[in-house]
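Q: For reference, this is structure29.cif, and it has mmCIF, C-alpha atoms and all ligand atoms.
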```cif
data_run
#
loop_
_atom_site.label_atom_id
_atom_site.label_comp_id
_atom_site.auth_asym_id
_atom_site.auth_seq_id
_atom_site.Cartn_x
_atom_site.Cartn_y
_atom_site.Cartn_z
CA MET D 995 133.00 46.56 66.19
CA ASN D 996 135.90 48.22 64.52
CA SER D 997 137.19 47.03 61.18
CA SER D 998 140.69 48.46 61.65
CA SER D 999 143.50 46.05 60.75
CA SER D 1000 144.40 45.53 64.44
CA GLU D 1001 141.02 43.93 65.18
CA ILE D 1002 140.34 40.35 64.28
CA LEU D 1003 137.06 40.00 62.43
CA LYS D 1004 135.05 36.84 63.08
CA LEU D 1005 133.64 35.79 59.75
CA LEU D 1006 131.34 32.93 58.76
CA VAL D 1007 130.87 31.46 55.32
CA VAL D 1008 127.78 29.39 54.52
CA ASP D 1009 128.44 27.73 51.15
CA ASP D 1010 128.31 24.15 50.00
CA ASP D 1011 130.71 24.65 47.10
CA ASP D 1012 134.37 23.94 48.03
CA VAL D 1013 135.71 25.85 45.06
CA ASP D 1014 133.64 28.95 45.82
CA ARG D 1015 134.72 28.84 49.45
CA MET D 1016 138.38 28.63 48.40
CA ALA D 1017 137.91 31.60 46.07
CA LEU D 1018 136.37 33.58 48.93
CA ARG D 1019 139.23 32.62 51.28
CA ARG D 1020 141.76 33.77 48.74
CA ALA D 1021 139.98 37.05 48.12
CA LEU D 1022 139.64 37.63 51.87
CA LYS D 1023 143.38 37.13 52.38
CA GLY D 1024 144.01 39.76 49.73
CA THR D 1025 142.00 42.37 51.66
CA GLY D 1026 144.71 42.76 54.30
CA LEU D 1027 142.03 42.51 57.04
CA SER D 1028 142.73 40.35 60.12
CA PHE D 1029 140.05 37.72 60.40
CA GLU D 1030 139.09 34.31 61.72
CA LEU D 1031 137.00 32.33 59.33
CA GLU D 1032 134.52 29.54 60.04
CA GLU D 1033 132.96 27.60 57.20
CA VAL D 1034 129.76 25.54 57.03
CA ASP D 1035 128.03 24.02 54.03
CA SER D 1036 124.32 24.23 54.87
CA ALA D 1037 121.72 26.79 55.90
CA GLN D 1038 120.85 24.63 58.92
CA SER D 1039 124.40 24.60 60.37
CA GLY D 1040 124.88 28.27 59.47
CA THR D 1041 121.71 29.20 61.37
CA THR D 1042 122.79 27.14 64.40
CA LEU D 1043 126.25 28.68 64.48
CA LEU D 1044 124.92 32.24 64.13
CA GLY D 1045 122.55 31.54 67.00
CA THR D 1046 125.29 30.35 69.34
CA LYS D 1047 128.48 32.27 68.49
CA PRO D 1048 129.23 35.94 67.97
CA PHE D 1049 130.26 36.87 64.43
CA ASP D 1050 131.07 40.22 62.88
CA CYS D 1051 129.85 39.31 59.39
CA ALA D 1052 128.47 36.32 57.45
CA PHE D 1053 128.65 35.39 53.76
CA LEU D 1054 125.67 33.42 52.54
CA ASP D 1055 125.59 31.47 49.30
CA TYR D 1056 122.42 32.12 47.37
CA GLN D 1057 121.98 28.48 46.36
CA LEU D 1058 122.30 26.17 49.34
CA PRO D 1059 121.19 22.54 49.30
CA ASP D 1060 118.65 22.90 52.12
CA CYS D 1061 117.42 26.45 51.50
CA ASP D 1062 117.67 29.33 49.08
CA GLY D 1063 119.62 32.42 50.15
CA LEU D 1064 116.58 34.67 50.20
CA THR D 1065 114.67 32.49 52.68
CA LEU D 1066 117.80 32.03 54.77
CA VAL D 1067 118.34 35.83 55.04
CA GLN D 1068 114.71 36.30 55.94
CA ASN D 1069 114.77 33.53 58.59
CA LEU D 1070 117.96 34.85 60.13
CA ARG D 1071 116.61 38.38 60.36
CA ASP D 1072 113.36 37.06 61.82
CA ALA D 1073 115.39 35.18 64.42
CA GLY D 1074 116.99 38.47 65.46
CA VAL D 1075 120.39 38.11 63.77
CA LYS D 1076 121.56 41.68 63.24
CA ILE D 1077 125.14 41.36 61.97
CA PRO D 1078 125.92 42.20 58.31
CA LEU D 1079 124.77 39.39 56.01
CA ILE D 1080 126.45 39.52 52.60
CA ALA D 1081 124.79 37.35 49.95
CA LEU D 1082 126.99 35.69 47.37
CA THR D 1083 125.03 35.23 44.16
CA GLY D 1084 125.78 33.10 41.13
CA GLN D 1085 124.38 34.38 37.86
CA GLY D 1086 122.14 36.67 39.94
CA SER D 1087 119.76 38.93 38.19
CA GLU D 1088 118.86 42.46 39.30
CA GLU D 1089 115.60 41.06 40.64
CA THR D 1090 117.37 38.55 42.90
CA ALA D 1091 119.52 41.34 44.28
CA VAL D 1092 116.52 43.54 45.06
CA GLY D 1093 114.74 40.56 46.68
CA LEU D 1094 117.76 39.82 48.83
CA MET D 1095 118.11 43.41 50.03
CA LYS D 1096 114.39 43.55 50.78
CA ALA D 1097 114.65 40.36 52.81
CA GLY D 1098 117.33 42.00 54.95
CA ALA D 1099 120.69 41.30 53.27
CA SER D 1100 123.25 44.00 53.99
CA ASP D 1101 124.91 43.63 50.57
CA TYR D 1102 125.20 41.17 47.73
CA LEU D 1103 128.24 40.22 45.64
CA PRO D 1104 128.11 38.25 42.39
CA LYS D 1105 130.63 35.40 42.71
CA SER D 1106 131.93 36.19 39.25
CA LYS D 1107 133.05 39.63 40.39
CA LEU D 1108 134.52 38.55 43.74
CA SER D 1109 137.78 40.40 44.36
CA SER D 1110 139.71 41.52 47.41
CA GLU D 1111 138.69 45.14 46.70
CA THR D 1112 134.98 44.46 46.37
CA LEU D 1113 135.06 42.23 49.43
CA SER D 1114 137.02 44.73 51.50
CA ARG D 1115 134.67 47.53 50.50
CA SER D 1116 131.58 45.50 51.26
CA ILE D 1117 132.86 44.27 54.65
CA GLN D 1118 133.95 47.76 55.67
CA SER D 1119 130.75 49.52 54.64
CA THR D 1120 128.34 46.91 56.01
CA THR D 1121 130.15 46.61 59.33
CA ARG D 1122 130.32 50.39 59.62
CA LEU D 1123 126.60 50.61 58.95
CA TYR D 1124 125.96 47.82 61.44
CA LYS D 1125 128.00 49.67 64.05
CA ALA D 1126 126.08 52.88 63.43
CA GLU D 1127 122.79 50.98 63.70
CA GLN D 1128 123.91 49.44 66.97
CA GLU D 1129 124.78 52.89 68.32
CA ILE D 1130 121.39 54.20 67.28
CA ASP D 1131 119.77 51.20 68.96
CA LEU D 1132 121.75 51.89 72.10
CA THR D 1133 120.88 55.59 72.05
CA ASN D 1134 117.23 54.73 71.47
CA GLN D 1135 117.34 52.28 74.32
CA ARG D 1136 118.84 54.93 76.62
CA LEU D 1137 116.24 57.46 75.49
CA ARG D 1138 113.49 54.95 76.20
CA GLU D 1139 114.92 54.35 79.67
CA LYS D 1140 115.24 58.09 80.31
CA ASN D 1141 111.69 58.57 79.07
CA GLU D 1142 110.47 55.84 81.35
CA LEU D 1143 112.29 57.44 84.28
CA LEU D 1144 110.87 60.88 83.46
CA LYS D 1145 107.41 59.37 83.17
CA ARG D 1146 107.77 57.76 86.59
CA GLN D 1147 109.12 61.02 88.10
CA ASN D 1148 106.26 62.93 86.49
CA GLU D 1149 103.74 60.53 87.94
CA GLU D 1150 105.38 60.89 91.35
CA LEU D 1151 105.28 64.71 91.06
CA GLN D 1152 101.66 64.58 89.99
CA ARG D 1153 100.89 62.38 93.00
CA GLN D 1154 102.68 64.80 95.32
CA ARG D 1155 100.90 67.78 93.73
CA GLU D 1156 97.54 66.14 94.28
CA GLN D 1157 98.50 65.37 97.87
CA ILE D 1158 99.54 69.00 98.45
CA GLN D 1159 96.31 70.22 96.86
CA ARG D 1160 94.30 67.92 99.14
CA LYS D 1161 96.26 69.09 102.19
CA ASN D 1162 95.82 72.72 101.11
CA LEU D 1163 92.11 72.24 100.80
CA GLN D 1164 91.97 70.67 104.24
CA LEU D 1165 94.01 73.56 105.66
CA VAL D 1166 91.71 76.13 104.06
CA GLU D 1167 88.71 74.30 105.50
CA VAL D 1168 90.26 74.09 108.95
CA SER D 1169 91.30 77.73 108.84
CA GLN D 1170 87.81 78.76 107.77
CA LEU D 1171 86.29 76.67 110.54
CA LYS D 1172 88.66 78.26 113.03
CA SER D 1173 87.78 81.76 111.84
CA GLU D 1174 84.07 81.01 111.93
CA PHE D 1175 84.39 79.50 115.41
CA LEU D 1176 86.30 82.54 116.65
CA ALA D 1177 83.83 84.95 115.07
CA THR D 1178 80.87 83.18 116.71
CA MET D 1179 82.60 82.79 120.05
CA SER D 1180 83.73 86.42 120.12
CA HIS D 1181 80.21 87.55 119.39
CA GLU D 1182 78.78 85.33 122.13
CA LEU D 1183 81.39 86.59 124.62
CA ARG D 1184 80.74 90.22 123.89
CA THR D 1185 77.14 90.21 125.10
CA PRO D 1186 77.80 89.09 128.71
CA LEU D 1187 80.94 91.20 128.81
CA ASN D 1188 79.02 94.32 127.87
CA ALA D 1189 76.65 93.50 130.72
CA ILE D 1190 79.61 93.21 133.14
CA ILE D 1191 81.01 96.55 131.96
CA GLY D 1192 77.60 98.25 132.01
CA PHE D 1193 76.67 97.00 135.47
CA SER D 1194 80.04 97.86 136.99
CA GLN D 1195 79.71 101.38 135.57
CA ILE D 1196 76.27 101.69 137.22
CA LEU D 1197 77.64 100.28 140.49
CA MET D 1198 80.52 102.71 140.35
CA ARG D 1199 78.19 105.65 139.87
CA GLN D 1200 75.67 104.55 142.52
CA LEU D 1201 78.20 103.60 145.20
CA LYS D 1202 80.54 106.51 144.56
CA ASP D 1203 79.74 108.09 147.94
CA SER D 1204 78.77 105.10 150.05
CA ALA D 1205 81.37 102.44 149.15
CA SER D 1206 84.82 102.23 150.73
CA ASP D 1207 87.95 103.03 148.66
CA ARG D 1208 88.79 99.32 148.59
CA GLN D 1209 85.35 98.45 147.21
CA LEU D 1210 85.54 101.22 144.61
CA ASP D 1211 89.00 100.04 143.60
CA MET D 1212 87.65 96.52 143.08
CA ILE D 1213 84.83 97.82 140.86
CA ARG D 1214 87.36 99.92 138.94
CA ARG D 1215 89.45 96.82 138.32
CA VAL D 1216 86.42 94.89 137.07
CA LEU D 1217 85.76 97.78 134.69
CA THR D 1218 89.36 98.09 133.42
CA ASN D 1219 89.74 94.34 132.93
CA GLY D 1220 86.32 94.20 131.27
CA HIS D 1221 87.41 96.92 128.83
CA HIS D 1222 90.66 95.11 128.13
CA LEU D 1223 88.83 91.84 127.49
CA LEU D 1224 86.37 93.61 125.21
CA GLU D 1225 89.26 95.09 123.25
CA LEU D 1226 90.79 91.64 122.88
CA ILE D 1227 87.49 90.12 121.77
CA SER D 1228 86.90 92.92 119.26
CA ASP D 1229 90.36 92.35 117.82
CA ILE D 1230 89.80 88.59 117.57
CA LEU D 1231 86.43 89.21 115.97
CA ASP D 1232 87.97 91.60 113.43
CA LEU D 1233 90.84 89.27 112.63
CA SER D 1234 88.64 86.22 112.20
CA LYS D 1235 86.14 88.18 110.11
CA ILE D 1236 88.92 89.38 107.79
CA GLU D 1237 90.39 85.88 107.56
CA ALA D 1238 86.99 84.35 106.86
CA GLY D 1239 86.44 86.97 104.14
CA ARG D 1240 83.43 88.28 106.04
CA LEU D 1241 84.58 91.83 106.58
CA ASP D 1242 83.52 94.38 103.99
CA LEU D 1243 84.78 97.93 103.64
CA THR D 1244 82.14 100.63 103.47
CA VAL D 1245 83.85 103.03 101.14
CA GLU D 1246 82.65 106.61 101.31
CA SER D 1247 84.01 110.06 100.62
CA ILE D 1248 85.88 111.39 103.67
CA ASN D 1249 88.01 114.33 104.70
CA LEU D 1250 91.32 112.77 105.72
CA LYS D 1251 92.57 115.82 107.62
CA GLU D 1252 89.44 115.89 109.76
CA LEU D 1253 89.63 112.17 110.36
CA ILE D 1254 93.24 112.45 111.53
CA LEU D 1255 92.49 115.45 113.78
CA THR D 1256 89.50 113.79 115.49
CA THR D 1257 91.43 110.55 115.96
CA VAL D 1258 94.37 112.41 117.48
CA GLU D 1259 91.97 114.30 119.74
CA GLY D 1260 90.68 111.02 121.12
CA LEU D 1261 94.19 109.96 122.05
CA GLN D 1262 95.38 113.33 123.33
CA SER D 1263 94.70 112.47 126.98
CA LEU D 1264 96.83 109.30 126.73
CA ALA D 1265 99.73 111.34 125.34
CA GLU D 1266 99.27 113.98 128.01
CA GLN D 1267 99.36 111.39 130.79
CA LYS D 1268 102.88 110.55 129.62
CA GLN D 1269 103.76 114.15 128.84
CA LEU D 1270 104.43 113.36 125.20
CA ASP D 1271 104.42 115.94 122.47
CA LEU D 1272 101.71 114.77 119.99
CA LYS D 1273 102.33 116.46 116.63
CA VAL D 1274 100.03 116.46 113.59
CA THR D 1275 100.96 117.55 110.08
CA ALA D 1276 98.42 117.17 107.31
CA ASP D 1277 100.24 118.45 104.28
CA LEU D 1278 97.50 117.86 101.74
CA ALA D 1279 96.57 119.88 98.69
CA ASN D 1280 93.35 117.89 98.48
CA THR D 1281 92.03 116.50 101.77
CA GLN D 1282 89.23 114.41 100.24
CA ILE D 1283 89.73 110.68 99.86
CA ALA D 1284 87.53 107.62 99.38
CA ASN D 1285 87.89 105.00 102.10
CA ASP D 1286 86.08 103.29 104.98
CA SER D 1287 86.25 105.96 107.70
CA ASN D 1288 85.81 103.57 110.65
CA ARG D 1289 88.44 101.17 109.39
CA LEU D 1290 90.92 103.90 108.46
CA ARG D 1291 90.38 105.44 111.92
CA GLN D 1292 91.09 101.98 113.39
CA VAL D 1293 94.39 101.81 111.45
CA ILE D 1294 95.49 105.26 112.62
CA THR D 1295 94.34 104.60 116.20
CA ASN D 1296 96.30 101.32 116.31
CA LEU D 1297 99.49 102.97 115.10
CA LEU D 1298 99.14 106.06 117.30
CA SER D 1299 98.20 104.15 120.46
CA ASN D 1300 101.17 101.81 119.91
CA ALA D 1301 103.44 104.84 119.43
CA ILE D 1302 102.16 106.37 122.68
CA LYS D 1303 102.31 103.03 124.51
CA PHE D 1304 105.91 102.32 123.54
CA THR D 1305 107.23 105.87 124.10
CA ASP D 1306 108.12 107.12 127.58
CA GLU D 1307 109.48 110.53 126.65
CA GLY D 1308 109.78 112.76 123.63
CA PHE D 1309 107.23 112.85 120.87
CA VAL D 1310 104.68 111.00 118.82
CA SER D 1311 103.81 112.41 115.41
CA ILE D 1312 101.49 111.76 112.52
CA THR D 1313 102.09 113.20 109.07
CA ALA D 1314 99.89 112.86 106.00
CA ARG D 1315 101.03 113.86 102.54
CA GLU D 1316 100.37 113.17 98.88
CA ILE D 1317 103.24 111.21 97.36
CA SER D 1318 101.52 111.18 93.98
CA SER D 1319 98.20 112.40 92.64
CA ASP D 1320 96.53 109.14 93.63
CA THR D 1321 98.61 107.89 96.58
CA ILE D 1322 98.53 109.16 100.16
CA GLU D 1323 101.23 108.44 102.70
CA ILE D 1324 100.59 108.56 106.45
CA VAL D 1325 103.65 108.32 108.70
CA VAL D 1326 103.33 107.62 112.42
CA ALA D 1327 106.64 108.23 114.19
CA ASP D 1328 107.77 108.16 117.80
CA SER D 1329 110.88 108.58 119.93
CA GLY D 1330 110.13 105.41 121.90
CA ILE D 1331 111.79 102.09 122.68
CA GLY D 1332 112.09 101.05 119.03
CA ILE D 1333 112.02 97.52 117.63
CA ALA D 1334 115.06 95.25 117.24
CA ALA D 1335 115.87 94.43 113.60
CA GLU D 1336 115.28 90.69 114.17
CA SER D 1337 111.76 91.36 115.51
CA VAL D 1338 110.64 93.67 112.70
CA PRO D 1339 109.65 90.86 110.28
CA HIS D 1340 107.33 89.35 112.92
CA ILE D 1341 105.44 92.30 114.34
CA PHE D 1342 102.67 92.04 111.73
CA ASN D 1343 101.98 88.40 112.71
CA ALA D 1344 98.92 87.78 114.87
CA PHE D 1345 99.65 87.62 118.61
CA HIS D 1346 103.29 88.57 118.13
CA GLN D 1347 104.71 90.84 120.79
CA VAL D 1348 108.38 91.70 120.98
CA ASP D 1349 108.31 91.46 124.77
CA GLN D 1350 106.89 88.01 125.46
CA SER D 1351 107.68 87.97 129.18
CA ILE D 1352 104.87 87.49 131.71
CA SER D 1353 106.04 90.58 133.54
CA ARG D 1354 105.89 92.71 130.39
CA LYS D 1355 105.35 96.36 130.94
CA HIS D 1356 102.97 97.15 128.09
CA GLN D 1357 99.42 95.92 127.80
CA GLY D 1358 98.11 94.72 124.48
CA THR D 1359 96.69 91.83 122.52
CA GLY D 1360 99.40 91.47 119.90
CA LEU D 1361 96.69 91.70 117.24
CA GLY D 1362 96.68 95.42 116.42
CA LEU D 1363 99.38 95.38 113.76
CA SER D 1364 98.18 92.20 112.07
CA ILE D 1365 94.67 93.67 111.80
CA THR D 1366 96.18 96.95 110.56
CA HIS D 1367 98.18 95.06 107.95
CA LEU D 1368 95.14 93.07 106.76
CA LEU D 1369 92.91 96.14 106.68
CA LEU D 1370 95.49 98.00 104.60
CA GLU D 1371 95.66 95.06 102.21
CA MET D 1372 91.89 95.30 101.80
CA MET D 1373 92.35 99.02 101.08
CA GLN D 1374 94.86 98.14 98.33
CA GLY D 1375 97.43 99.79 100.58
CA HIS D 1376 100.69 98.91 102.19
CA ILE D 1377 102.52 99.30 105.50
CA SER D 1378 106.25 99.27 106.26
CA VAL D 1379 108.37 100.13 109.27
CA LYS D 1380 111.76 101.62 110.08
CA SER D 1381 112.95 101.41 113.63
CA GLN D 1382 115.98 101.63 115.85
CA VAL D 1383 116.16 100.38 119.40
CA ASP D 1384 116.01 103.25 121.93
CA GLN D 1385 115.69 105.78 119.09
CA GLY D 1386 112.12 105.28 117.96
CA SER D 1387 110.01 103.87 115.12
CA GLN D 1388 108.36 105.14 111.97
CA PHE D 1389 105.42 103.30 110.42
CA TYR D 1390 104.75 104.20 106.77
CA VAL D 1391 101.24 103.63 105.46
CA GLN D 1392 100.44 104.08 101.80
CA ILE D 1393 96.87 104.04 100.54
CA PRO D 1394 95.27 104.95 97.25
CA ARG D 1395 93.34 108.21 97.32
CA CYS D 1396 90.31 106.28 96.11
CA VAL D 1397 89.95 102.81 97.58
CA GLN D 1398 87.97 100.54 95.29
CA PRO D 1399 84.90 99.18 97.11
CA PRO D 1400 85.09 95.38 97.43
CA HIS D 1401 82.14 94.80 95.10
CA GLY D 1402 83.03 97.24 92.33
CA GLY D 1403 81.55 100.67 91.65
CA ALA D 1404 84.26 103.25 92.23
CA ILE D 1405 83.61 106.10 94.64
CA ALA D 1406 85.17 109.45 93.90
CA PRO D 1407 86.00 111.85 96.72
CA LYS D 1408 83.71 114.89 96.70
P1 LIG J 1501 100.15 95.05 120.88
O1 LIG J 1501 98.74 94.81 121.26
O2 LIG J 1501 101.12 94.26 121.67
O3 LIG J 1501 100.49 96.49 120.75
P2 LIG J 1501 100.53 95.05 118.01
O4 LIG J 1501 100.18 94.03 117.00
O5 LIG J 1501 99.91 96.39 117.87
O6 LIG J 1501 100.24 94.40 119.41
O7 LIG J 1501 102.09 95.21 118.00
C1 LIG J 1501 102.92 94.07 118.04
C2 LIG J 1501 104.24 94.37 118.72
O8 LIG J 1501 105.02 95.25 117.90
C3 LIG J 1501 104.11 95.08 120.03
O9 LIG J 1501 103.86 94.18 121.09
C4 LIG J 1501 105.47 95.73 120.15
O10 LIG J 1501 106.42 94.79 120.60
C5 LIG J 1501 105.81 96.08 118.70
N1 LIG J 1501 105.47 97.50 118.39
C6 LIG J 1501 104.41 97.96 117.71
N2 LIG J 1501 104.45 99.30 117.57
C7 LIG J 1501 105.56 99.71 118.19
C8 LIG J 1501 106.19 100.99 118.42
N3 LIG J 1501 105.65 102.12 117.96
N4 LIG J 1501 107.35 101.01 119.10
C9 LIG J 1501 107.91 99.88 119.56
N5 LIG J 1501 107.38 98.65 119.39
C10 LIG J 1501 106.24 98.55 118.73
#
```
Is it possible to give me this structure as structure tokens?
A:
Amino acid sequence: MNSSSSEILKLLVVDDDDVDRMALRRALKGTGLSFELEEVDSAQSGTTLLGTKPFDCAFLDYQLPDCDGLTLVQNLRDAGVKIPLIALTGQGSEETAVGLMKAGASDYLPKSKLSSETLSRSIQSTTRLYKAEQEIDLTNQRLREKNELLKRQNEELQRQREQIQRKNLQLVEVSQLKSEFLATMSHELRTPLNAIIGFSQILMRQLKDSASDRQLDMIRRVLTNGHHLLELISDILDLSKIEAGRLDLTVESINLKELILTTVEGLQSLAEQKQLDLKVTADLANTQIANDSNRLRQVITNLLSNAIKFTDEGFVSITAREISSDTIEIVVADSGIGIAAESVPHIFNAFHQVDQSISRKHQGTGLGLSITHLLLEMMQGHISVKSQVDQGSQFYVQIPRCVQPPHGGAIAPK
């Protein structure tokens, strides 16, 4: 409500005295405010009117025939009437005034001092206050609604979080089951496979002179495929063991240069078959490191055998150097087929092979790099790759000089 002169105020007077009402009318006219005035002469009719029609302000006589002003103010407030109620007192004492204000009157005016100025001031200030209170009420209401909404959204989020947590738990369980299943299966498969490989080796040796070329070729194929299957099973076993958290590193003091040289030696024949130049540089001031020698050899073997496999001419190289006092970098580079930029982010995923075609040229399980990546993570290390199609690839491995054993107790290189 705005008490500017352009707005018409709806006013109510509850007073049984004609003369007093006339005096009020006259004083109201003198205020210059635009208003519509309704007049009633009892508390009963005043209460009814206030309950049914909208008013901006009401004047209540303190001494009504059916009720005193104080009770009337109290009843009206109890009934939820919020508009300014201005009590008009007769010979009102200070005490009456305090009582009226306590009961909920917005202001009180002694009839003897009724003037246009006092009236105007009282109407303006009480209606302004009423307006401010209404705005606060409205703001509070909006805040309550917002709060309610936030509470509901919070509850919904909480529900979703719990659902995600439950799903996560299920996923972890399923993944663990899968890893355990794979680990057991791989183990069970290895035993008969070793028998197949062993027996075909014996057959090969025993029938070397008596069997026909065709028969020997068949045995050779059994042997090659058996080896390939064994490699695949070992990789699956490794991967599932790592994923199930069942693979431990045996950290010991090792000579990195020697480890690299012996690993390269084992792969030399493969490189020679393809007439590749296999270069080794071990640029180390201190060759001693602490790591799991078998697992580190596995990492280097994976990277080198990939480099040889995917290179038809040129070179394959391995370089080891100290990039800081406690970090070693091993780079395996080749001049091979390279890896397309869009494939690079996927090569460390299990079973990912850039060439997915059935007729693909290169053998492999697609597990080597994911195992390498996981092993390096266990070694608190890191692997990255730079590659260009038809130019070659470089795999960068960084490992701490001293890998912390999984169950504490640091090992220092000798
Ligand atoms: P795979 O058993 O197929 O070698 P890896 O996990 O070791 O499996 O490698 C995944 C894929 O990454 C390979 O199939 C190949 O497409 C690509 N890759 C790995 N190393 C090289 C490399 N040196 N040059 C080109 N491509 C490579």
Q: In Å, how far is it from atom CA of D:Leu1005 to atom CA of D:Lys1047?
A: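 Taking atom CA of D:Leu1005 as the start and atom CA of D:Lys1047 as the end point, the length is 10.7 Å.
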Q: Would you list the residues near (118.0, 33.5, 58.9) (no more than 12 Å away, in the coordinates of the file, using all atoms listed in the file) as JSON, numbers by chain?
A: {"D": [1008, 1036, 1037, 1038, 1039, 1040, 1041, 1042, 1043, 1044, 1045, 1052, 1053, 1054, 1061, 1062, 1063, 1064, 1065, 1066, 1067, 1068, 1069, 1070, 1071, 1072, 1073, 1074, 1075, 1076, 1077, 1078, 1079, 1081, 1094, 1097, 1098, 1099]}
Q: Which one of D:Ala1021, D:Leu1363, D:Leu1003, D:Ile1248 sits closest to D:Leu1113 if you count all atoms listed in the file?
A: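 The answer is D:Ala1021, which sits nearest to D:Leu1113.
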Q: Using only C-alpha atoms and all ligand atoms, determine which residues fall within 6 Å of ligand LIG 1501 (chain J), then list them as a list in words.
A: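 If we count only C-alpha atoms and all ligand atoms, the neighbours of ligand LIG 1501 (chain J) turn out to be Asn1300, Ala1301, Phe1304, Gly1330, Ile1331, Gly1332, Ile1333, Ile1341, His1346, Gln1347, Val1348, Asp1349, Gly1358, Thr1359, Gly1360, Leu1361, Gly1362, Leu1363, Ser1364 and Ser1387 of chain D.
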Q: Using all atoms listed in the file for the distances, tell me which of D:Glu1129, D:Glu1030, D:Glu1156, D:Glu1371 is nearest to D:Val1293.
A: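 Result for the nearest residue to D:Val1293: D:Glu1371.
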Q: What's the 9 Å shell around stretch 1170-1173 of chain D, counting only C-alpha atoms, without same-chain residues fewer than 4 positions away, as a count of residues only?
A: 11
Q: What is the distance between atom CA of D:Phe1345 and atom CA of D:Ile1230, in Å to one decimal?
A: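 Taking atom CA of D:Phe1345 as the start and atom CA of D:Ile1230 as the end point, the length is 10.0 Å.
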Q: Between D:Thr1295, D:Gly1026, D:Asp1009, D:Lys1096, single out the one closest to D:Leu1058, counting all atoms listed in the file.
A: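 Of all the options, D:Asp1009 lies closest to D:Leu1058.
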Q: For D:Leu1031, please output as an MDAnalysis selection string all residues within 8 Å (counting only C-alpha atoms; exclusion window: fewer than 5 positions along the same chain).
A: chainID D and resid 1004:1007
Q: What is the distance, in Å and to one decimal place, between atom CA of D:Ser1106 and atom CA of D:Thr1025?
A: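 Interatomic distance here is 17.1 Å.
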